[in-house]
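Below is one structure, written out as structure tokens; comments come after it.
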Amino acid sequence: MSYPYQFKSLDEYKVAYKKSTEDPSGFWSQVAENFLWRKKWDKTLQWNFTEPSVKWFEGGKLNITENCIDRHLEELGDKPAMIWEPNNPEDRVRVVTYNRLHKRVCQFAQVLKNNGVKKGDRVCIYMGMVPELAYAVLGCARIGAIHSVIFGGFSAQSIADRLEDASAEYIVTCDGAYRGEKIIPLKDVIDDALIGNKTVKRVIVYTRTRTPVSMIKGRDVWWEDEMEHAESQIEKDNVVSFPAVEMDAEDPLFILYTSGSTGKPKGVVHTIGGYMVFTAYSFVNVFQYQKSQVHFCTADIGWITGHSYIVYGPLAAGGTSVMFEGIPTWPDAGRFWDIVDRHKVNILYTAPTAIRSLMGFGLKPLEGKDLSSLKVLGTVGEPINEEAWHWYDENIGKGKCPIVDTWWQTETGGILISNMAGITPAKPTYATLPLPGVEPLLVDENGVEVKGNPASGNLCIRAPWPSILRTTYGDHDRCRQTYFSAYPNLYFTGDGALRDEEGNYRITGRVDDVLNVSGHRIGTAEVENAINMHSGVVESAVVGYHHDVKGQGIYAYVIFQGTHGDETSRRNDILQTVSRIIGPIAKPDKIQFVAALPKTRSGKIMRRILRKIAEGETSNLGDTTTLLDPTVVEAIAGGKL
Ligand code: PRX
């Protein structure tokens, strides 16, 4: 079965695209009518990109969990909303029906209420990939609290910064999380993050790994105890209910922190109505989702991909979403294929870095795995190279599954540029065409639009789509400066792109100081700040370089002063420092100790040159005459050879 807002042919796509540009309000109000609103909106769209101020479906009242759960109960109550695959394939799979999801979300909303959580409060969620994470997210949404999920790979320091920025009063966590053979002691990390914290009143701890934890009296409570208590409050005569709090369309739904070109991660804020409409719309159109299909997005819910395409998009569409606790290479590199086989997955959505890494294991892990249920494949997070695209197409899709290359960002909330499976043509390495409702354009460095095809330039968007970020938490001017000031009246993505003769977009990568390492966004300034925390480091400069599996690797040039240890131990100390300050995902792949960094006369580090040296292009360093001391470059380049 399809959806009223699903395009079923290239012609329908074209008609929709035309309508969306001519009459955006008419187009989006037609889509939005397919959702459950307690009160219909008064005005579909009001916006300017100067403040910026964007309001979709203003005056509309709703609760997103009624859309993701309650309205499906009659038809889909006994159907799976989520299929949870545990870290260890020998453990029990948990199938969460819509009825069960409803009960658990109501129950957890009651827990939040019992613990004093109110509409608008910030709840930080730091959990492994267990169904309870989804219950926590949706429980917040049901009560109108703002969730801020933090990826389990971030350090105590990163969490502390985020807790402070969001002035969060509540935390939901686990004792620990399984990742392959490892156990990550999440509660311990939270305890470290809370040293010196003044805002957090309550920590709710779910038991997953039975890792010993210290429970602080008056602050920490067990999930299981709280849920048991709440059960009798929400269930009477076999009827489960927890009244969903009525929210405005423009009330915040969540904050998600992401890296930018400056040191401090930003809290991207998404609001309820627009985010709901756009995630469901993009989900059913890009993947051409059909009711009762099984969708497997391999992302972690700690990133935007998990928010939009494990939780909200699929559930708003009444879909079945697979949630995977483990990692693709444990117990062996056939894990994804095993999951596809056992759960009869129809749509597989993953990152190019995962494909490249699995390619490295050859075809053996595929032996004996039945992948015939697959209908659509997707990629996200970074540009996909031709080799990985063809490997995915031939060996996983067996040449019969369209591959959607979906381009989007934490800030965009949902997919903006992508082919639509089987509807619009794919082109390897191209994200291809915008979704109806999205108007991309390319501009040159002076902000002048580059018209005609083919073209290249910086990728901007001309007008808002429903799930555009509304602000950066607590600092609206930062939002304006980061996204809306480079080019007046345009949203600037930070990406560069090419456009071919047919208007297909190919994203070439970030044009700012943001790296994309294994599909994770990491700011160079953030890594430099972390390296500089080491007492022996005088200064550092971080750049990206091509990495066969990760897409980009992190290359750090470090000026070290001090006599402590040899080079190997200094290197290890720096890695340890970065791990502690940000998390293991930000550890440099290469560290080069240098005596000085190349700087212009005004003191700016010439990253262009450092990038070339990191790529090994030392014979062609370009113009170095503006440098304060050109011999520095020779020394660095020489040190590398
Ligand atoms: O550079 C683009 C790259 O990932 C960035 C956004 O990262 P993040 O906010 O962490 O969200 C990732 C998941 C949506 C973009 O600015 N990116 C994302 N998708 C693609 C991509 N680059 C090329 N092709 C893509 N399909």
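Here, A, B, ... name the chains of the structure tokens in the order displayed, residue numbers run from 1 inside each chain, and ligands are numbered from 1 in the same displayed order.
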**OP:** For ligand 1, list the contacting residues at 6 Å or closer, counting only C-alpha atoms and all ligand atoms, as a PyMOL selection string.
**Re:** chain A and resi 305+380-383+405-410+431+495+507+509-510+520-521
**OP:** Within stretch 181-388 of chain A, find each residue whose DSSP state, derived from the backbone, is strand (DSSP E or B), and express the selection as a ChimeraX atom specification.
**Re:** /A:182-184,202-206,220-222,235-236,239-240,247-248,252-258,266-271,294-297,320-324,347-350,376-380
Prev. selection, N, CA and C atoms, output as a short mmCIF file (atom, residue, chain, number, x, y, z; two decimals), in the first residue's frame:
```
data_model
loop_
_atom_site.label_atom_id
_atom_site.label_comp_id
_atom_site.auth_asym_id
_atom_site.auth_seq_id
_atom_site.Cartn_x
_atom_site.Cartn_y
_atom_site.Cartn_z
N LYS A 182 33.16 -5.41 23.18
CA LYS A 182 33.41 -4.43 24.25
C LYS A 182 32.15 -4.05 25.00
N ILE A 183 32.38 -3.62 26.24
CA ILE A 183 31.29 -3.01 27.00
C ILE A 183 31.70 -1.57 27.31
N ILE A 184 30.83 -0.63 26.96
CA ILE A 184 31.13 0.78 27.25
C ILE A 184 30.39 1.13 28.55
N ARG A 202 18.19 14.52 38.13
CA ARG A 202 17.80 13.13 38.15
C ARG A 202 18.47 12.35 37.02
N VAL A 203 18.96 11.15 37.34
CA VAL A 203 19.54 10.28 36.32
C VAL A 203 18.78 8.95 36.38
N ILE A 204 18.18 8.57 35.27
CA ILE A 204 17.42 7.32 35.21
C ILE A 204 18.29 6.29 34.49
N VAL A 205 18.51 5.15 35.14
CA VAL A 205 19.50 4.19 34.63
C VAL A 205 18.84 2.87 34.23
N TYR A 206 18.93 2.53 32.96
CA TYR A 206 18.41 1.25 32.47
C TYR A 206 19.52 0.19 32.54
N ASP A 220 20.07 9.36 41.47
CA ASP A 220 20.00 8.28 40.49
C ASP A 220 18.88 7.29 40.84
N VAL A 221 18.11 6.92 39.83
CA VAL A 221 17.06 5.91 40.03
C VAL A 221 17.14 4.87 38.93
N TRP A 222 16.63 3.68 39.21
CA TRP A 222 16.64 2.61 38.21
C TRP A 222 15.42 2.72 37.30
N GLU A 235 -2.15 1.98 33.40
CA GLU A 235 -2.97 0.88 32.91
C GLU A 235 -4.11 0.59 33.87
N LYS A 236 -5.33 0.78 33.37
CA LYS A 236 -6.50 0.44 34.19
C LYS A 236 -7.41 -0.43 33.33
N VAL A 239 -6.61 -1.09 29.79
CA VAL A 239 -6.51 0.03 28.84
C VAL A 239 -5.32 0.89 29.26
N VAL A 240 -4.46 1.11 28.28
CA VAL A 240 -3.26 1.90 28.55
C VAL A 240 -3.49 3.33 28.12
N MET A 247 0.94 20.11 21.88
CA MET A 247 2.09 20.96 21.58
C MET A 247 1.78 21.86 20.38
N ASP A 248 2.49 22.99 20.31
CA ASP A 248 2.41 23.83 19.12
C ASP A 248 3.33 23.24 18.06
N PRO A 252 9.86 23.22 20.22
CA PRO A 252 11.02 22.37 19.93
C PRO A 252 10.74 20.90 20.24
N LEU A 253 11.25 20.03 19.36
CA LEU A 253 11.13 18.59 19.59
C LEU A 253 12.43 18.06 20.19
N PHE A 254 13.54 18.48 19.59
CA PHE A 254 14.83 18.01 20.13
C PHE A 254 15.96 18.96 19.79
N ILE A 255 17.04 18.73 20.54
CA ILE A 255 18.31 19.41 20.27
C ILE A 255 19.28 18.29 19.90
N LEU A 256 20.06 18.51 18.86
CA LEU A 256 21.10 17.54 18.53
C LEU A 256 22.38 18.32 18.26
N TYR A 257 23.42 17.97 18.98
CA TYR A 257 24.67 18.72 18.85
C TYR A 257 25.46 18.24 17.64
N THR A 258 26.04 19.20 16.93
CA THR A 258 26.85 18.83 15.77
C THR A 258 28.03 19.78 15.66
N LYS A 266 27.41 22.86 18.14
CA LYS A 266 26.18 23.66 18.20
C LYS A 266 24.99 22.76 18.48
N GLY A 267 24.04 23.27 19.24
CA GLY A 267 22.82 22.51 19.50
C GLY A 267 21.78 22.86 18.45
N VAL A 268 21.67 22.01 17.43
CA VAL A 268 20.70 22.25 16.36
C VAL A 268 19.29 21.95 16.89
N VAL A 269 18.38 22.90 16.71
CA VAL A 269 17.02 22.73 17.25
C VAL A 269 16.03 22.43 16.12
N HIS A 270 15.29 21.34 16.27
CA HIS A 270 14.20 21.04 15.34
C HIS A 270 12.86 21.16 16.05
N THR A 271 11.85 21.58 15.29
CA THR A 271 10.53 21.75 15.90
C THR A 271 9.56 20.68 15.38
N VAL A 294 10.06 -3.95 5.68
CA VAL A 294 11.01 -3.86 6.79
C VAL A 294 12.17 -2.95 6.38
N HIS A 295 12.35 -1.89 7.16
CA HIS A 295 13.37 -0.88 6.86
C HIS A 295 14.50 -1.01 7.87
N PHE A 296 15.72 -1.11 7.38
CA PHE A 296 16.86 -1.25 8.29
C PHE A 296 17.85 -0.13 8.03
N CYS A 297 17.84 0.83 8.94
CA CYS A 297 18.81 1.92 8.89
C CYS A 297 19.89 1.58 9.92
N THR A 320 7.88 -0.44 9.74
CA THR A 320 8.62 -1.34 10.62
C THR A 320 10.10 -1.04 10.49
N SER A 321 10.70 -0.71 11.62
CA SER A 321 12.08 -0.24 11.60
C SER A 321 12.96 -1.20 12.40
N VAL A 322 14.08 -1.60 11.79
CA VAL A 322 15.02 -2.47 12.50
C VAL A 322 15.99 -1.60 13.28
N MET A 323 16.24 -2.00 14.52
CA MET A 323 17.20 -1.28 15.34
C MET A 323 18.29 -2.27 15.73
N PHE A 324 19.52 -1.95 15.41
CA PHE A 324 20.63 -2.89 15.62
C PHE A 324 21.57 -2.36 16.70
N ILE A 347 14.58 -2.71 2.87
CA ILE A 347 15.34 -1.49 2.58
C ILE A 347 16.54 -1.45 3.51
N LEU A 348 17.71 -1.31 2.93
CA LEU A 348 18.93 -1.22 3.74
C LEU A 348 19.56 0.15 3.51
N TYR A 349 19.76 0.87 4.61
CA TYR A 349 20.24 2.25 4.51
C TYR A 349 21.49 2.36 5.37
N THR A 350 22.65 2.59 4.74
CA THR A 350 23.89 2.60 5.51
C THR A 350 24.85 3.66 4.96
N VAL A 376 15.43 -1.99 -1.97
CA VAL A 376 16.04 -0.67 -2.12
C VAL A 376 17.26 -0.58 -1.21
N LEU A 377 18.33 0.04 -1.75
CA LEU A 377 19.52 0.28 -0.93
C LEU A 377 19.72 1.79 -0.81
N GLY A 378 20.31 2.21 0.30
CA GLY A 378 20.54 3.65 0.45
C GLY A 378 21.90 3.92 1.05
N THR A 379 22.42 5.12 0.78
CA THR A 379 23.66 5.54 1.44
C THR A 379 23.48 6.96 1.95
N VAL A 380 24.27 7.29 2.94
CA VAL A 380 24.16 8.61 3.57
C VAL A 380 25.44 8.97 4.30
#
```
Subject >> Nearest-residue call for A:Pro24, choices A:Tyr555, A:Tyr491, A:Phe278, A:Trp465, using only C-alpha atoms >> reply: A:Trp465
Original post:
Of the candidates A:Ile581, A:Ala525, A:Leu138, A:Leu45, which one gets nearest to A:Gly274 if we count only C-alpha atoms?
Top reply: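 When distances to A:Gly274 are compared using only C-alpha atoms, the smallest one comes from A:Leu45.
Residues in contact range of A:Pro440, defined as at most 9 Å between only C-alpha atoms, with sequence neighbours fewer than 2 positions away removed, read A:Leu416, A:Ile417, A:Pro434, A:Val438, A:Leu442, A:Leu459, A:Cys460, A:Ile461, A:Arg462, A:Ala463.
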Pull N, CA and C atoms from the residues just selected and write them as a PDB file, in the first residue's frame.
```pdb
ATOM      1  N   LEU A 416      17.374  16.014   1.565  1.00  0.00           N
ATOM      2  CA  LEU A 416      16.998  17.099   0.650  1.00  0.00           C
ATOM      3  C   LEU A 416      17.278  16.760  -0.810  1.00  0.00           C
ATOM      4  N   ILE A 417      18.420  16.105  -1.055  1.00  0.00           N
ATOM      5  CA  ILE A 417      18.756  15.769  -2.441  1.00  0.00           C
ATOM      6  C   ILE A 417      19.011  14.271  -2.503  1.00  0.00           C
ATOM      7  N   PRO A 434      16.859  17.325  -6.306  1.00  0.00           N
ATOM      8  CA  PRO A 434      16.216  17.677  -5.032  1.00  0.00           C
ATOM      9  C   PRO A 434      14.828  17.063  -4.898  1.00  0.00           C
ATOM     10  N   VAL A 438      12.250  21.413  -2.248  1.00  0.00           N
ATOM     11  CA  VAL A 438      13.631  21.805  -1.923  1.00  0.00           C
ATOM     12  C   VAL A 438      14.247  22.482  -3.149  1.00  0.00           C
ATOM     13  N   LEU A 442      23.707  26.785  -6.739  1.00  0.00           N
ATOM     14  CA  LEU A 442      25.147  26.881  -6.515  1.00  0.00           C
ATOM     15  C   LEU A 442      25.542  28.347  -6.604  1.00  0.00           C
ATOM     16  N   LEU A 459      27.059  24.953  -2.271  1.00  0.00           N
ATOM     17  CA  LEU A 459      25.649  24.538  -2.285  1.00  0.00           C
ATOM     18  C   LEU A 459      24.831  25.323  -1.257  1.00  0.00           C
ATOM     19  N   CYS A 460      23.799  25.981  -1.763  1.00  0.00           N
ATOM     20  CA  CYS A 460      22.880  26.741  -0.894  1.00  0.00           C
ATOM     21  C   CYS A 460      21.455  26.284  -1.184  1.00  0.00           C
ATOM     22  N   ILE A 461      20.534  26.689  -0.317  1.00  0.00           N
ATOM     23  CA  ILE A 461      19.113  26.395  -0.551  1.00  0.00           C
ATOM     24  C   ILE A 461      18.377  27.731  -0.472  1.00  0.00           C
ATOM     25  N   ARG A 462      17.451  27.904  -1.410  1.00  0.00           N
ATOM     26  CA  ARG A 462      16.827  29.209  -1.598  1.00  0.00           C
ATOM     27  C   ARG A 462      15.701  29.532  -0.606  1.00  0.00           C
ATOM     28  N   ALA A 463      14.984  28.527  -0.184  1.00  0.00           N
ATOM     29  CA  ALA A 463      13.792  28.775   0.642  1.00  0.00           C
ATOM     30  C   ALA A 463      13.648  27.635   1.643  1.00  0.00           C
TER      31      ALA A 463
END
```
Original post:
Mind checking DSSP for stretch 197-375 of chain A and telling me the helix (DSSP H, G or I) residues as an NGL selection string?
Top reply: :A and (223-234 or 272-286 or 304-316 or 335-343 or 352-359 or 364-366)
Original post:
Pick from A:Arg478, A:Lys19, A:His307, A:Lys291: nearest to A:Thr279, with only C-alpha atoms counted?
Top reply: A:His307
**OP:** Do a neighbour search on stretch 35-39 of chain A at 7 Å with only C-alpha atoms, toss out local chain neighbours closer than 3 positions, and write the hits as a ChimeraX atom specification.
**Re:** /A:32,60-62,67
**OP:** Just the residues within 7 Å of stretch 571-576 of chain A, please, counting only C-alpha atoms, with nothing from its chain fewer than 5 positions along; format it as number ranges by chain.
**Re:** A: 531, 534, 587-588, 591
Saved selection, atoms kept: C-alpha atoms, as a PDB file, in the first residue's frame:
```
ATOM      1  CA  ILE A 531      45.146  18.377  21.322  1.00  0.00           C
ATOM      2  CA  HIS A 534      47.860  18.336  26.468  1.00  0.00           C
ATOM      3  CA  LYS A 587      41.455  10.582  17.482  1.00  0.00           C
ATOM      4  CA  PRO A 588      43.935  11.692  14.778  1.00  0.00           C
ATOM      5  CA  ILE A 591      50.388  12.995  14.064  1.00  0.00           C
TER       6      ILE A 591
END
```
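Atom to atom, atom CA of A:Ser467 and atom CA of A:Lys264 stand 23.2 Å apart.
Rounded to one decimal, atom CA of A:Ala316 and atom CA of A:Gln30 lie 16.2 Å from each other.
You will find atom CA of A:Gly362 at 15.3 Å from atom CA of A:Lys398.
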Original post:
Nearest to A:Asn419: which of A:Ser569, A:Gln481, A:Val130, A:Pro402 is it, counting only C-alpha atoms?
Top reply: A:Pro402
Original post:
From the list A:Glu231, A:Asp237, A:Asp91, A:Glu250, which residue is nearest A:Pro466 when using only C-alpha atoms?
Top reply: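 Comparing A:Glu231, A:Asp237, A:Asp91, A:Glu250 against A:Pro466, the winner is A:Glu250.
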Original post:
Could you pull the residues within 12 Å of A:Gly360, counting only C-alpha atoms, minus those fewer than 5 positions along the same chain, as a PyMOL selection string?
Top reply: chain A and resi 329+333-334+353-355+365+387-388+391+548-549
Please produce an output containing N, CA and C atoms for each residue in the selection, written as a PDB file, in the first residue's frame.
```pdb
ATOM      1  N   THR A 329      30.925  -5.707  12.114  1.00  0.00           N
ATOM      2  CA  THR A 329      32.000  -6.696  11.975  1.00  0.00           C
ATOM      3  C   THR A 329      32.079  -7.692  13.130  1.00  0.00           C
ATOM      4  N   ALA A 333      32.138 -10.318   9.719  1.00  0.00           N
ATOM      5  CA  ALA A 333      31.804  -9.237   8.790  1.00  0.00           C
ATOM      6  C   ALA A 333      30.545  -9.528   7.975  1.00  0.00           C
ATOM      7  N   GLY A 334      29.829 -10.607   8.330  1.00  0.00           N
ATOM      8  CA  GLY A 334      28.586 -10.918   7.633  1.00  0.00           C
ATOM      9  C   GLY A 334      27.366 -10.466   8.415  1.00  0.00           C
ATOM     10  N   THR A 353      31.181   4.456   4.306  1.00  0.00           N
ATOM     11  CA  THR A 353      32.327   3.951   5.066  1.00  0.00           C
ATOM     12  C   THR A 353      32.100   2.497   5.481  1.00  0.00           C
ATOM     13  N   ALA A 354      30.858   2.163   5.825  1.00  0.00           N
ATOM     14  CA  ALA A 354      30.542   0.779   6.202  1.00  0.00           C
ATOM     15  C   ALA A 354      30.692  -0.122   4.980  1.00  0.00           C
ATOM     16  N   ILE A 355      30.229   0.360   3.838  1.00  0.00           N
ATOM     17  CA  ILE A 355      30.335  -0.445   2.612  1.00  0.00           C
ATOM     18  C   ILE A 355      31.810  -0.686   2.284  1.00  0.00           C
ATOM     19  N   PRO A 365      31.879 -13.368   3.530  1.00  0.00           N
ATOM     20  CA  PRO A 365      30.817 -13.145   4.530  1.00  0.00           C
ATOM     21  C   PRO A 365      29.401 -13.169   3.941  1.00  0.00           C
ATOM     22  N   GLU A 387      33.678   2.755  -6.845  1.00  0.00           N
ATOM     23  CA  GLU A 387      33.974   1.358  -6.546  1.00  0.00           C
ATOM     24  C   GLU A 387      32.998   0.811  -5.487  1.00  0.00           C
ATOM     25  N   ALA A 388      32.791   1.595  -4.447  1.00  0.00           N
ATOM     26  CA  ALA A 388      31.883   1.157  -3.384  1.00  0.00           C
ATOM     27  C   ALA A 388      30.451   1.079  -3.920  1.00  0.00           C
ATOM     28  N   TRP A 391      30.111  -2.079  -5.965  1.00  0.00           N
ATOM     29  CA  TRP A 391      30.166  -3.269  -5.104  1.00  0.00           C
ATOM     30  C   TRP A 391      28.817  -3.482  -4.416  1.00  0.00           C
ATOM     31  N   ASP A 548      41.133   5.597   2.588  1.00  0.00           N
ATOM     32  CA  ASP A 548      40.411   4.628   1.757  1.00  0.00           C
ATOM     33  C   ASP A 548      39.121   4.107   2.382  1.00  0.00           C
ATOM     34  N   VAL A 549      39.108   3.907   3.684  1.00  0.00           N
ATOM     35  CA  VAL A 549      37.903   3.366   4.316  1.00  0.00           C
ATOM     36  C   VAL A 549      37.068   4.464   4.959  1.00  0.00           C
TER      37      VAL A 549
END
```
**OP:** Just the residues within 8 Å of A:Gly152, please, counting only C-alpha atoms, with nothing from its chain fewer than 2 positions along; format it as a list in words.
**Re:**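 Counting only the stated atoms, we get Tyr126, Met127, Gly128, Ile150, Phe154, Leu186 and Gly302 of chain A.
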